[in-house]
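Reproduced below: my_file_36.pdb, with PDB, C-alpha atoms.
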ATOM      1  CA  MET A   1      10.344  28.792  -9.456
ATOM      2  CA  ASN A   2       9.630  25.924 -11.843
ATOM      3  CA  ILE A   3      11.157  22.520 -11.186
ATOM      4  CA  ALA A   4      12.084  20.356 -14.169
ATOM      5  CA  PHE A   5       9.752  17.422 -14.744
ATOM      6  CA  ASN A   6      12.555  15.113 -15.916
ATOM      7  CA  TYR A   7      14.816  16.023 -13.005
ATOM      8  CA  ILE A   8      12.146  14.982 -10.509
ATOM      9  CA  LYS A   9      11.695  11.674 -12.315
ATOM     10  CA  GLN A  10      15.431  10.973 -12.331
ATOM     11  CA  THR A  11      15.809  11.963  -8.681
ATOM     12  CA  ALA A  12      13.031   9.576  -7.694
ATOM     13  CA  LYS A  13      14.654   6.783  -9.691
ATOM     14  CA  ASN A  14      18.023   7.485  -8.071
ATOM     15  CA  ASN A  15      16.400   6.979  -4.685
ATOM     16  CA  GLY A  16      15.006   3.564  -5.503
ATOM     17  CA  PHE A  17      11.531   4.370  -6.779
ATOM     18  CA  ALA A  18      10.437   2.289  -9.761
ATOM     19  CA  LEU A  19       7.644   4.741 -10.527
ATOM     20  CA  CYS A  20       7.163   8.481 -10.396
ATOM     21  CA  GLY A  21       4.297  10.595 -11.654
ATOM     22  CA  ILE A  22       3.560  14.281 -11.215
ATOM     23  CA  ALA A  23       0.144  15.889 -11.106
ATOM     24  CA  LYS A  24      -1.028  19.473 -10.823
ATOM     25  CA  ALA A  25      -2.529  20.044  -7.381
ATOM     26  CA  GLU A  26      -6.283  20.566  -7.497
ATOM     27  CA  PRO A  27      -9.356  19.179  -5.733
ATOM     28  CA  LEU A  28     -10.353  15.705  -6.937
ATOM     29  CA  SER A  29     -14.122  16.148  -6.816
ATOM     30  CA  ILE A  30     -15.054  13.027  -8.817
ATOM     31  CA  GLU A  31     -12.869  10.831  -6.645
ATOM     32  CA  GLN A  32     -14.315  12.404  -3.501
ATOM     33  CA  ASN A  33     -17.861  11.690  -4.669
ATOM     34  CA  ARG A  34     -16.924   8.059  -5.327
ATOM     35  CA  PHE A  35     -15.428   7.750  -1.849
ATOM     36  CA  GLU A  36     -18.479   9.274  -0.203
ATOM     37  CA  ALA A  37     -20.741   6.909  -2.139
ATOM     38  CA  ALA A  38     -18.804   3.970  -0.697
ATOM     39  CA  LEU A  39     -19.285   5.378   2.801
ATOM     40  CA  THR A  40     -23.049   5.513   2.351
ATOM     41  CA  GLN A  41     -22.959   1.782   1.542
ATOM     42  CA  ASN A  42     -20.911   1.133   4.720
ATOM     43  CA  TYR A  43     -18.145  -0.481   2.690
ATOM     44  CA  HIS A  44     -15.757   1.137   5.184
ATOM     45  CA  ALA A  45     -17.118  -1.036   8.046
ATOM     46  CA  LYS A  46     -18.160   2.075   9.995
ATOM     47  CA  LYS A  47     -14.565   3.006  10.779
ATOM     48  CA  GLU A  48     -14.881   6.549  12.054
ATOM     49  CA  TYR A  49     -11.400   7.636  10.983
ATOM     50  CA  LEU A  50     -12.468   7.138   7.350
ATOM     51  CA  GLU A  51     -15.389   9.498   7.873
ATOM     52  CA  ARG A  52     -13.250  12.356   9.187
ATOM     53  CA  ASP A  53     -11.640  15.146   7.162
ATOM     54  CA  ILE A  54     -12.865  13.763   3.845
ATOM     55  CA  GLU A  55     -11.985  16.932   1.935
ATOM     56  CA  LYS A  56      -8.348  16.597   3.040
ATOM     57  CA  ARG A  57      -8.186  13.272   1.246
ATOM     58  CA  PHE A  58      -8.857  14.904  -2.089
ATOM     59  CA  ASN A  59      -7.634  18.502  -1.772
ATOM     60  CA  PRO A  60      -3.860  18.709  -1.184
ATOM     61  CA  GLU A  61      -3.993  22.441  -0.428
ATOM     62  CA  LEU A  62      -5.717  21.566   2.856
ATOM     63  CA  LEU A  63      -2.558  19.693   3.832
ATOM     64  CA  LEU A  64       0.022  22.088   2.389
ATOM     65  CA  LYS A  65      -0.790  25.763   1.940
ATOM     66  CA  ASN A  66      -0.491  26.930  -1.668
ATOM     67  CA  CYS A  67       0.251  23.388  -2.822
ATOM     68  CA  LYS A  68       0.953  23.458  -6.546
ATOM     69  CA  SER A  69       2.275  19.983  -7.394
ATOM     70  CA  VAL A  70       1.791  16.402  -6.231
ATOM     71  CA  VAL A  71       4.653  13.982  -6.850
ATOM     72  CA  VAL A  72       3.626  10.341  -6.546
ATOM     73  CA  CYS A  73       6.398   7.793  -6.032
ATOM     74  CA  GLY A  74       5.989   4.027  -6.183
ATOM     75  CA  PHE A  75       8.335   1.473  -4.638
ATOM     76  CA  ASN A  76       8.166  -2.036  -6.087
ATOM     77  CA  TYR A  77       8.237  -4.466  -3.147
ATOM     78  CA  ASN A  78       7.733  -7.652  -5.144
ATOM     79  CA  MET A  79      10.028 -10.414  -3.857
ATOM     80  CA  VAL A  80       8.370 -13.466  -5.425
ATOM     81  CA  ARG A  81       9.848 -15.245  -8.427
ATOM     82  CA  GLY A  82       7.858 -17.483 -10.740
ATOM     83  CA  GLU A  83       4.220 -18.492 -10.576
ATOM     84  CA  ARG A  84       2.183 -17.398  -7.576
ATOM     85  CA  CYS A  85      -0.495 -19.335  -5.755
ATOM     86  CA  GLU A  86      -3.107 -18.348  -3.198
ATOM     87  CA  VAL A  87      -0.928 -19.525  -0.329
ATOM     88  CA  SER A  88       2.592 -20.848  -0.256
ATOM     89  CA  GLY A  89       3.306 -24.443  -1.181
ATOM     90  CA  LYS A  90       4.870 -25.072   2.213
ATOM     91  CA  ARG A  91       2.117 -25.310   4.803
ATOM     92  CA  CYS A  92       2.556 -22.716   7.507
ATOM     93  CA  GLU A  93       0.399 -23.600  10.502
ATOM     94  CA  VAL A  94       0.371 -23.138  14.275
ATOM     95  CA  ASN A  95      -2.275 -24.670  16.547
ATOM     96  CA  GLY A  96      -4.459 -25.403  13.546
ATOM     97  CA  VAL A  97      -4.340 -21.812  12.285
ATOM     98  CA  ARG A  98      -2.731 -21.133   8.906
ATOM     99  CA  CYS A  99      -0.098 -18.426   9.067
ATOM    100  CA  GLU A 100       0.416 -16.982   5.602
ATOM    101  CA  VAL A 101       1.775 -13.448   5.568
ATOM    102  CA  SER A 102       1.396 -10.851   2.834
ATOM    103  CA  GLN A 103       4.552  -9.825   1.022
ATOM    104  CA  TYR A 104       4.342  -6.303   2.349
ATOM    105  CA  ALA A 105       4.513  -7.495   5.965
ATOM    106  CA  LYS A 106       7.763  -9.376   5.387
ATOM    107  CA  ILE A 107       9.724  -6.311   4.404
ATOM    108  CA  LYS A 108      10.959  -3.459   6.592
ATOM    109  CA  ASP A 109       8.048  -1.238   7.664
ATOM    110  CA  TYR A 110       7.336   0.827   4.567
ATOM    111  CA  HIS A 111       6.177   3.814   6.611
ATOM    112  CA  ILE A 112       9.761   4.214   7.775
ATOM    113  CA  PHE A 113      11.864   3.684   4.664
ATOM    114  CA  MET A 114       9.386   5.344   2.281
ATOM    115  CA  LYS A 115       9.428   8.450   4.458
ATOM    116  CA  GLU A 116      13.230   8.471   4.369
ATOM    117  CA  LYS A 117      13.311   8.108   0.590
ATOM    118  CA  LEU A 118      10.756  10.865  -0.023
ATOM    119  CA  GLU A 119      12.570  13.222   2.327
ATOM    120  CA  THR A 120      15.781  12.569   0.397
ATOM    121  CA  VAL A 121      14.042  13.343  -2.895
ATOM    122  CA  ALA A 122      12.741  16.614  -1.457
ATOM    123  CA  GLN A 123      16.162  17.611  -0.146
ATOM    124  CA  ASN A 124      17.810  16.765  -3.467
ATOM    125  CA  LEU A 125      15.333  19.048  -5.238
ATOM    126  CA  LYS A 126      15.919  21.866  -2.757
ATOM    127  CA  GLU A 127      19.678  21.580  -3.200
ATOM    128  CA  LYS A 128      19.282  22.174  -6.930
ATOM    129  CA  TYR A 129      16.369  24.618  -7.055
ATOM    130  CA  GLY A 130      16.456  26.443  -3.748
ATOM    131  CA  ASP A 131      14.071  26.478  -0.827
ATOM    132  CA  PHE A 132      10.375  25.625  -1.080
ATOM    133  CA  ASN A 133       7.723  24.219   1.238
ATOM    134  CA  TYR A 134       6.776  20.588   1.016
ATOM    135  CA  LYS A 135       5.075  17.744   2.857
ATOM    136  CA  THR A 136       5.695  14.022   2.542
ATOM    137  CA  THR A 137       2.970  11.531   3.377
ATOM    138  CA  ILE A 138       2.765   7.737   3.531
ATOM    139  CA  ASP A 139      -0.543   6.675   5.078
ATOM    140  CA  SER A 140      -0.038   9.517   7.520
ATOM    141  CA  SER A 141      -2.407  12.298   6.529
ATOM    142  CA  GLY A 142      -5.504  10.621   5.140
ATOM    143  CA  ILE A 143      -4.841  11.831   1.595
ATOM    144  CA  SER A 144      -5.861   9.336  -1.081
ATOM    145  CA  GLU A 145      -2.549   8.068  -2.453
ATOM    146  CA  LYS A 146      -4.406   5.803  -4.864
ATOM    147  CA  SER A 147      -6.426   8.627  -6.391
ATOM    148  CA  TRP A 148      -3.299  10.682  -6.907
ATOM    149  CA  ALA A 149      -1.451   7.705  -8.391
ATOM    150  CA  VAL A 150      -4.126   7.541 -11.084
ATOM    151  CA  ARG A 151      -4.123  11.316 -11.581
ATOM    152  CA  ALA A 152      -0.318  11.311 -11.864
ATOM    153  CA  GLY A 153      -0.430   8.533 -14.435
ATOM    154  CA  ILE A 154       1.564   5.812 -12.676
ATOM    155  CA  GLY A 155      -1.318   3.388 -12.370
ATOM    156  CA  TYR A 156      -5.019   2.645 -12.650
ATOM    157  CA  TYR A 157      -7.546   1.123 -10.297
ATOM    158  CA  GLY A 158      -7.841  -2.634 -10.492
ATOM    159  CA  LYS A 159     -11.236  -4.181  -9.830
ATOM    160  CA  ASN A 160      -9.853  -5.200  -6.423
ATOM    161  CA  GLY A 161      -9.320  -1.539  -5.563
ATOM    162  CA  ILE A 162      -5.530  -1.870  -5.776
ATOM    163  CA  ILE A 163      -3.470   0.305  -8.092
ATOM    164  CA  GLN A 164      -2.089  -1.533 -11.112
ATOM    165  CA  THR A 165       1.187  -0.258 -12.549
ATOM    166  CA  SER A 166       3.767  -1.164 -15.175
ATOM    167  CA  VAL A 167       5.630  -3.190 -12.506
ATOM    168  CA  GLY A 168       2.540  -4.904 -11.100
ATOM    169  CA  SER A 169       0.451  -4.072  -8.046
ATOM    170  CA  PHE A 170       2.923  -4.969  -5.280
ATOM    171  CA  VAL A 171       3.789  -1.293  -4.931
ATOM    172  CA  PHE A 172       4.048   1.076  -1.981
ATOM    173  CA  LEU A 173       2.848   4.608  -2.697
ATOM    174  CA  GLY A 174       4.109   7.837  -1.200
ATOM    175  CA  LEU A 175       3.399  11.491  -1.959
ATOM    176  CA  LEU A 176       5.526  14.603  -2.017
ATOM    177  CA  LEU A 177       3.395  17.758  -1.931
ATOM    178  CA  MET A 178       5.180  20.940  -3.050
ATOM    179  CA  ASP A 179       4.232  24.620  -3.190
ATOM    180  CA  VAL A 180       6.102  25.078  -6.479
ATOM    181  CA  GLU A 181       5.138  24.465 -10.081
ATOM    182  CA  VAL A 182       6.664  21.819 -12.346
ATOM    183  CA  ASP A 183       7.363  22.632 -15.992
ATOM    184  CA  GLU A 184       5.301  19.658 -17.147
ATOM    185  CA  TYR A 185       2.701  17.313 -15.671
ATOM    186  CA  ASP A 186       1.669  13.741 -16.371
ATOM    187  CA  THR A 187      -1.771  12.845 -17.685
ATOM    188  CA  PRO A 188      -4.149  10.563 -15.745
ATOM    189  CA  ASN A 189      -3.986   6.818 -16.350
ATOM    190  CA  LEU A 190      -7.301   5.855 -17.954
ATOM    191  CA  LYS A 191      -6.567   2.166 -18.449
ATOM    192  CA  THR A 192      -8.940  -0.456 -17.004
ATOM    193  CA  CYS A 193      -8.944  -4.187 -16.270
ATOM    194  CA  GLY A 194     -11.177  -4.789 -19.265
ATOM    195  CA  ASN A 195     -13.088  -8.055 -19.094
ATOM    196  CA  CYS A 196     -10.796  -9.654 -16.524
ATOM    197  CA  SER A 197     -12.458 -10.366 -13.161
ATOM    198  CA  LYS A 198     -10.135 -13.026 -11.735
ATOM    199  CA  CYS A 199      -9.680 -11.125  -8.476
ATOM    200  CA  MET A 200     -13.443 -11.018  -7.923
ATOM    201  CA  GLU A 201     -13.818 -14.703  -8.727
ATOM    202  CA  VAL A 202     -11.182 -15.967  -6.283
ATOM    203  CA  CYS A 203     -11.852 -13.745  -3.263
ATOM    204  CA  PRO A 204     -12.965 -16.303  -0.637
ATOM    205  CA  THR A 205     -15.171 -13.804   1.200
ATOM    206  CA  GLN A 206     -16.607 -12.107  -1.913
ATOM    207  CA  ALA A 207     -15.360  -8.814  -0.518
ATOM    208  CA  ILE A 208     -15.110  -7.284  -4.011
ATOM    209  CA  VAL A 209     -18.825  -6.638  -4.216
ATOM    210  CA  LYS A 210     -18.601  -5.040  -7.650
ATOM    211  CA  PRO A 211     -15.777  -3.789  -9.844
ATOM    212  CA  TYR A 212     -13.631  -1.257  -7.965
ATOM    213  CA  TYR A 213     -15.662  -1.516  -4.746
ATOM    214  CA  VAL A 214     -14.353  -3.546  -1.798
ATOM    215  CA  ASP A 215     -16.519  -4.180   1.263
ATOM    216  CA  CYS A 216     -14.157  -3.811   4.224
ATOM    217  CA  ASN A 217     -16.628  -5.734   6.396
ATOM    218  CA  GLN A 218     -15.567  -8.845   4.447
ATOM    219  CA  CYS A 219     -12.031  -8.079   3.259
ATOM    220  CA  ILE A 220      -9.472 -10.402   4.859
ATOM    221  CA  THR A 221      -6.739  -7.767   4.805
ATOM    222  CA  PHE A 222      -8.925  -5.144   6.429
ATOM    223  CA  LEU A 223      -9.981  -7.539   9.181
ATOM    224  CA  ASN A 224      -6.756  -9.308  10.084
ATOM    225  CA  THR A 225      -4.618  -6.175  10.093
ATOM    226  CA  ASN A 226      -6.919  -4.813  12.775
ATOM    227  CA  LYS A 227      -5.769  -5.218  16.370
ATOM    228  CA  ASN A 228      -9.238  -6.442  17.323
ATOM    229  CA  GLU A 229      -8.922 -10.142  18.127
ATOM    230  CA  ASP A 230     -12.419 -11.018  16.954
ATOM    231  CA  ASP A 231     -11.721  -9.532  13.542
ATOM    232  CA  PHE A 232      -8.697 -11.804  13.158
ATOM    233  CA  PHE A 233     -10.462 -15.029  14.051
ATOM    234  CA  LYS A 234     -13.385 -14.164  11.813
ATOM    235  CA  VAL A 235     -11.139 -14.721   8.803
ATOM    236  CA  ALA A 236      -8.342 -16.934  10.218
ATOM    237  CA  LYS A 237      -9.911 -19.966   8.537
ATOM    238  CA  TYR A 238      -8.842 -18.560   5.162
ATOM    239  CA  GLY A 239      -5.198 -19.073   6.042
ATOM    240  CA  TRP A 240      -3.802 -15.569   6.291
ATOM    241  CA  TRP A 241      -2.024 -14.492   9.464
ATOM    242  CA  TYR A 242      -1.570 -10.912   8.324
ATOM    243  CA  ALA A 243      -3.158  -9.220   5.313
ATOM    244  CA  CYS A 244      -3.881 -11.259   2.161
ATOM    245  CA  ASP A 245      -2.428 -11.477  -1.345
ATOM    246  CA  ILE A 246      -5.007 -13.735  -3.006
ATOM    247  CA  CYS A 247      -6.490 -11.156  -5.368
ATOM    248  CA  GLN A 248      -3.035  -9.876  -6.319
ATOM    249  CA  ASN A 249      -1.573 -13.337  -6.815
ATOM    250  CA  VAL A 250      -4.091 -14.218  -9.513
ATOM    251  CA  CYS A 251      -3.903 -10.866 -11.282
ATOM    252  CA  PRO A 252      -2.454 -11.196 -14.809
ATOM    253  CA  ASN A 253      -0.720  -7.865 -14.294
ATOM    254  CA  ASN A 254       1.508  -9.543 -11.710
ATOM    255  CA  ALA A 255       2.344 -12.599 -13.812
ATOM    256  CA  ASN A 256       5.665 -11.133 -14.913
ATOM    257  CA  ALA A 257       6.150  -8.503 -12.230
ATOM    258  CA  PRO A 258       9.866  -7.765 -11.797
ATOM    259  CA  ILE A 259      11.704  -8.594  -8.608
ATOM    260  CA  ASN A 260      13.130  -5.634  -6.732
ATOM    261  CA  GLU A 261      16.451  -6.710  -5.244
ATOM    262  CA  GLU A 262      16.382  -3.790  -2.820
ATOM    263  CA  ALA A 263      13.110  -5.138  -1.427
ATOM    264  CA  VAL A 264      14.652  -8.610  -1.134
ATOM    265  CA  PHE A 265      17.543  -7.072   0.793
ATOM    266  CA  MET A 266      15.088  -5.318   3.136
ATOM    267  CA  GLN A 267      13.137  -8.485   3.929
ATOM    268  CA  LYS A 268      12.940  -8.771   7.712
ATOM    269  CA  LEU A 269      10.577 -11.680   8.257
ATOM    270  CA  ASN A 270      11.576 -15.132   7.037
ATOM    271  CA  THR A 271       8.362 -17.135   6.819
ATOM    272  CA  ASP A 272      10.171 -20.392   6.053
ATOM    273  CA  ASN A 273      10.583 -20.853   9.796
ATOM    274  CA  PHE A 274       7.586 -18.740  10.787
ATOM    275  CA  PRO A 275       5.734 -21.575  12.586
ATOM    276  CA  ASP A 276       8.767 -22.167  14.817
ATOM    277  CA  ILE A 277       9.076 -18.437  15.489
ATOM    278  CA  LEU A 278       5.441 -18.279  16.612
ATOM    279  CA  ARG A 279       5.473 -21.484  18.663
ATOM    280  CA  ASN A 280       8.520 -20.311  20.591
ATOM    281  CA  LEU A 281       7.560 -16.636  20.799
ATOM    282  CA  THR A 282       8.959 -14.762  23.807
ATOM    283  CA  PRO A 283       9.223 -11.025  24.474
ATOM    284  CA  ASP A 284      12.864 -11.129  23.379
ATOM    285  CA  SER A 285      12.249 -13.126  20.192
ATOM    286  CA  PHE A 286       9.310 -10.863  19.381
ATOM    287  CA  GLU A 287      11.692  -7.903  19.407
ATOM    288  CA  GLN A 288      14.209  -9.829  17.319
ATOM    289  CA  HIS A 289      11.856 -10.941  14.555
ATOM    290  CA  PHE A 290       9.194  -8.207  14.388
ATOM    291  CA  LYS A 291      10.892  -4.974  15.491
ATOM    292  CA  GLU A 292      11.219  -3.461  12.022
ATOM    293  CA  THR A 293       8.017  -4.827  10.482
ATOM    294  CA  VAL A 294       4.420  -3.607  10.416
ATOM    295  CA  LEU A 295       3.490  -6.538  12.681
ATOM    296  CA  TYR A 296       5.345  -4.849  15.515
ATOM    297  CA  LYS A 297       2.306  -2.631  16.129
ATOM    298  CA  PHE A 298       0.460  -5.591  17.663
ATOM    299  CA  GLY A 299       2.976  -5.995  20.475
ATOM    300  CA  TYR A 300       4.047  -9.297  21.980
ATOM    301  CA  GLU A 301       0.759  -9.923  23.793
ATOM    302  CA  GLY A 302      -1.243  -9.023  20.695
ATOM    303  CA  LEU A 303       0.476 -11.683  18.606
ATOM    304  CA  LYS A 304       0.264 -14.264  21.380
ATOM    305  CA  LYS A 305      -3.523 -13.878  21.355
ATOM    306  CA  ARG A 306      -3.527 -15.090  17.763
ATOM    307  CA  LEU A 307      -2.027 -18.414  18.874
ATOM    308  CA  ARG A 308      -4.928 -19.492  21.065
TER     309      ARG A 308
END
Here is the file; what I need is its structure written in the form of structure tokens.
Amino acid sequence: MNIAFNYIKQTAKNNGFALCGIAKAEPLSIEQNRFEAALTQNYHAKKEYLERDIEKRFNPELLLKNCKSVVVCGFNYNMVRGERCEVSGKRCEVNGVRCEVSQYAKIKDYHIFMKEKLETVAQNLKEKYGDFNYKTTIDSSGISEKSWAVRAGIGYYGKNGIIQTSVGSFVFLGLLLMDVEVDEYDTPNLKTCGNCSKCMEVCPTQAIVKPYYVDCNQCITFLNTNKNEDDFFKVAKYGWWYACDICQNVCPNNANAPINEEAVFMQKLNTDNFPDILRNLTPDSFEQHFKETVLYKFGYEGLKKRLR
């Protein structure tokens, strides 16, 4: 069985994906070596889960037997119109702590809706081509979505370690692994940031230690998305309540990034009244405002600790 390249692309588009690339499944040895080099420098902040099953990150056949093709889908979650700044113009503060929230935390939890979309793509393909084995993954199996996004041609690594695409870098990535061939495959994206280093220049913690290498010991997003309270307060002074968009906001590739109206429709957290939400947080209001977002993982007590 060979599945048509163009049919996969159209099916992904029909299901709301702005981007779709397809790569032949094979071990990514160069990418694995780069990842292991970062581990030796402790850029991963000694997080043990990043040290486990490294080969699975770069060899899809270890996740799906006889994997032949890797379909990479990108969902544009950009909801910001006009010029961006490091933090919003309206000061968002509670008990002296700034409360800016990354765009991706305001939308419905991407793990949920991306999984649904990828499953629909897979079922649409099976309806047309017959049965085959597949696996969908969105931050769920350790596989390097970024590496496969580059291999499948939908983007390239920015110096901040974030994938840059034709619709900007505010993009969720998801993979569909299949044990069938495709009649054509995309070529890797070999573009670079060139001489631009704006992301490195503006990072307040200098976490981008060199082009394409981010030290997670210093990265605001890595620290304040961790449930560990000390990690949050280490970087709270920089103004971000959850994650951080500073390096993306200054990136020229995002200057004219298109708005995705579907993402706007899926926005669950209104940060215009975020300070009031936090000041008056109760178990019931926590459920009301955070139930469908990635912040829900902290639990009511976890968020209350951030208001000390």
Within 6 Å of A:Gly21 using only C-alpha atoms, minus same-chain residues under 4 positions, as a PyMOL selection string = chain A and resi 71-72+152-154
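Restricting the calculation to all atoms listed in the file, the smallest distance between A:Val294 and any of A:Ile163, A:Ile107, A:Ile54, A:Cys199 is found for A:Ile107.
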message = When the PyMOL selection byres ((chain A and resi 271) around 9) is applied to the structure above, which residues does it catch, written out as a PyMOL selection string?
response = chain A and resi 92+99-101+106+269-270+272-275+277
key: Expected selection from the PyMOL selection byres ((chain A and resi 250) around 12), given as a PyMOL selection string   = chain A and resi 83-87+160+168-169+196-203+245-249+251-256
Each side padded by 8 Å, which centre and which edge lengths in Å (one decimal) define the axis-aligned box around the listed atoms of stretch 62-67 of chain A? Give them as AutoDock Vina command-line options.
--center_x -2.7 --center_y 23.3 --center_z 0.5 --size_x 22.0 --size_y 23.2 --size_z 22.7
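If you look at atom CA of A:Glu26 and atom CA of A:Asn59, they are 6.2 Å away from each other.
Taking all atoms listed in the file into account, the protein, DNA and RNA residues within 9 Å of (14.4, 20.8, -14.1) read Asn2, Ile3, Ala4, Phe5, Asn6, Tyr7, Ile8, Lys128, Tyr129, Val182 and Asp183 of chain A.
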ask   = Do you know which residues the PyMOL selection byres ((chain A and resi 145) around 12) returns on this file, as a PyMOL selection string?
value = chain A and resi 21+23+28+31+56-60+70-74+136-144+146-152+154-157+162-163+171-177
query = With only C-alpha atoms as the basis for distance, which of A:Gln164, A:Ala243, A:Asn66, A:Lys117 is at the shortest distance from A:Leu190?
reply = A:Gln164
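In this structure, atom CA of A:Phe132 sits 9.0 Å away from atom CA of A:Met1.
Distances here use all atoms listed in the file; by that measure, the residue among A:Val264, A:Ile22, A:Ala207, A:Cys244 closest to A:Tyr185 is A:Ile22.
Of note, atom CA of A:Val214 and atom CA of A:Thr40 are spaced 13.2 Å apart.
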query = Using only C-alpha atoms, which residues sit within 10 Å of A:Met79 once same-chain residues fewer than 3 positions away are excluded, as a PyMOL selection string?
reply = chain A and resi 76+103-104+106-107+170+257-265+267
task = Point out the residue among A:Asn78, A:Thr165, A:Asn15, A:Asn189 with the least atom-to-atom distance to A:Met266, counting all atoms listed in the file.
result = A:Asn78
ask   = Using all atoms listed in the file, which residues sit within 10 Å of A:Phe232 once same-chain residues fewer than 2 positions away are excluded, as a VMD selection string?
value = chain A and resid 220 to 230 234 to 237 240 to 243 305 to 306
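The smallest atom-to-atom distance between A:Ser166 and any of A:Lys210, A:Gly239, A:Glu36, A:Phe75, using all atoms listed in the file, is found for A:Phe75.
Minimum atom-to-atom distances from A:Pro283, A:His289, A:Met114, A:Gln123 to A:Gly302 were compared using only C-alpha atoms, and the lowest value belongs to A:Pro283.
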Would you mind putting back N, CA and C atoms on stretch 202-218 of chain A, then writing it out as a PDB file, in the coordinates of the input?
ATOM      1  N   VAL A 202     -11.915 -15.140  -7.255  1.00  0.00           N
ATOM      2  CA  VAL A 202     -11.182 -15.967  -6.283  1.00  0.00           C
ATOM      3  C   VAL A 202     -11.291 -15.470  -4.847  1.00  0.00           C
ATOM      4  N   CYS A 203     -11.772 -14.253  -4.633  1.00  0.00           N
ATOM      5  CA  CYS A 203     -11.852 -13.745  -3.263  1.00  0.00           C
ATOM      6  C   CYS A 203     -12.738 -14.657  -2.428  1.00  0.00           C
ATOM      7  N   PRO A 204     -12.190 -15.301  -1.392  1.00  0.00           N
ATOM      8  CA  PRO A 204     -12.965 -16.303  -0.637  1.00  0.00           C
ATOM      9  C   PRO A 204     -14.114 -15.718   0.171  1.00  0.00           C
ATOM     10  N   THR A 205     -14.086 -14.426   0.431  1.00  0.00           N
ATOM     11  CA  THR A 205     -15.171 -13.804   1.200  1.00  0.00           C
ATOM     12  C   THR A 205     -16.091 -12.954   0.339  1.00  0.00           C
ATOM     13  N   GLN A 206     -15.844 -12.945  -0.983  1.00  0.00           N
ATOM     14  CA  GLN A 206     -16.607 -12.107  -1.913  1.00  0.00           C
ATOM     15  C   GLN A 206     -16.619 -10.642  -1.471  1.00  0.00           C
ATOM     16  N   ALA A 207     -15.465 -10.183  -1.012  1.00  0.00           N
ATOM     17  CA  ALA A 207     -15.360  -8.814  -0.518  1.00  0.00           C
ATOM     18  C   ALA A 207     -15.421  -7.786  -1.646  1.00  0.00           C
ATOM     19  N   ILE A 208     -15.039  -8.206  -2.870  1.00  0.00           N
ATOM     20  CA  ILE A 208     -15.110  -7.284  -4.011  1.00  0.00           C
ATOM     21  C   ILE A 208     -16.540  -7.361  -4.532  1.00  0.00           C
ATOM     22  N   VAL A 209     -17.390  -6.523  -3.975  1.00  0.00           N
ATOM     23  CA  VAL A 209     -18.825  -6.638  -4.216  1.00  0.00           C
ATOM     24  C   VAL A 209     -19.229  -6.256  -5.632  1.00  0.00           C
ATOM     25  N   LYS A 210     -18.431  -5.391  -6.252  1.00  0.00           N
ATOM     26  CA  LYS A 210     -18.601  -5.040  -7.650  1.00  0.00           C
ATOM     27  C   LYS A 210     -17.286  -4.410  -8.093  1.00  0.00           C
ATOM     28  N   PRO A 211     -17.061  -4.327  -9.392  1.00  0.00           N
ATOM     29  CA  PRO A 211     -15.777  -3.789  -9.844  1.00  0.00           C
ATOM     30  C   PRO A 211     -15.417  -2.467  -9.173  1.00  0.00           C
ATOM     31  N   TYR A 212     -14.220  -2.447  -8.579  1.00  0.00           N
ATOM     32  CA  TYR A 212     -13.631  -1.257  -7.965  1.00  0.00           C
ATOM     33  C   TYR A 212     -14.222  -0.902  -6.602  1.00  0.00           C
ATOM     34  N   TYR A 213     -15.083  -1.745  -6.066  1.00  0.00           N
ATOM     35  CA  TYR A 213     -15.662  -1.516  -4.746  1.00  0.00           C
ATOM     36  C   TYR A 213     -15.408  -2.728  -3.845  1.00  0.00           C
ATOM     37  N   VAL A 214     -14.680  -2.487  -2.754  1.00  0.00           N
ATOM     38  CA  VAL A 214     -14.353  -3.546  -1.798  1.00  0.00           C
ATOM     39  C   VAL A 214     -15.087  -3.281  -0.489  1.00  0.00           C
ATOM     40  N   ASP A 215     -15.808  -4.287  -0.006  1.00  0.00           N
ATOM     41  CA  ASP A 215     -16.519  -4.180   1.263  1.00  0.00           C
ATOM     42  C   ASP A 215     -15.556  -4.553   2.386  1.00  0.00           C
ATOM     43  N   CYS A 216     -15.131  -3.565   3.154  1.00  0.00           N
ATOM     44  CA  CYS A 216     -14.157  -3.811   4.224  1.00  0.00           C
ATOM     45  C   CYS A 216     -14.716  -4.688   5.331  1.00  0.00           C
ATOM     46  N   ASN A 217     -16.035  -4.836   5.414  1.00  0.00           N
ATOM     47  CA  ASN A 217     -16.628  -5.734   6.396  1.00  0.00           C
ATOM     48  C   ASN A 217     -16.264  -7.187   6.116  1.00  0.00           C
ATOM     49  N   GLN A 218     -15.876  -7.481   4.855  1.00  0.00           N
ATOM     50  CA  GLN A 218     -15.567  -8.845   4.447  1.00  0.00           C
ATOM     51  C   GLN A 218     -14.109  -9.039   4.036  1.00  0.00           C
TER      52      GLN A 218
END
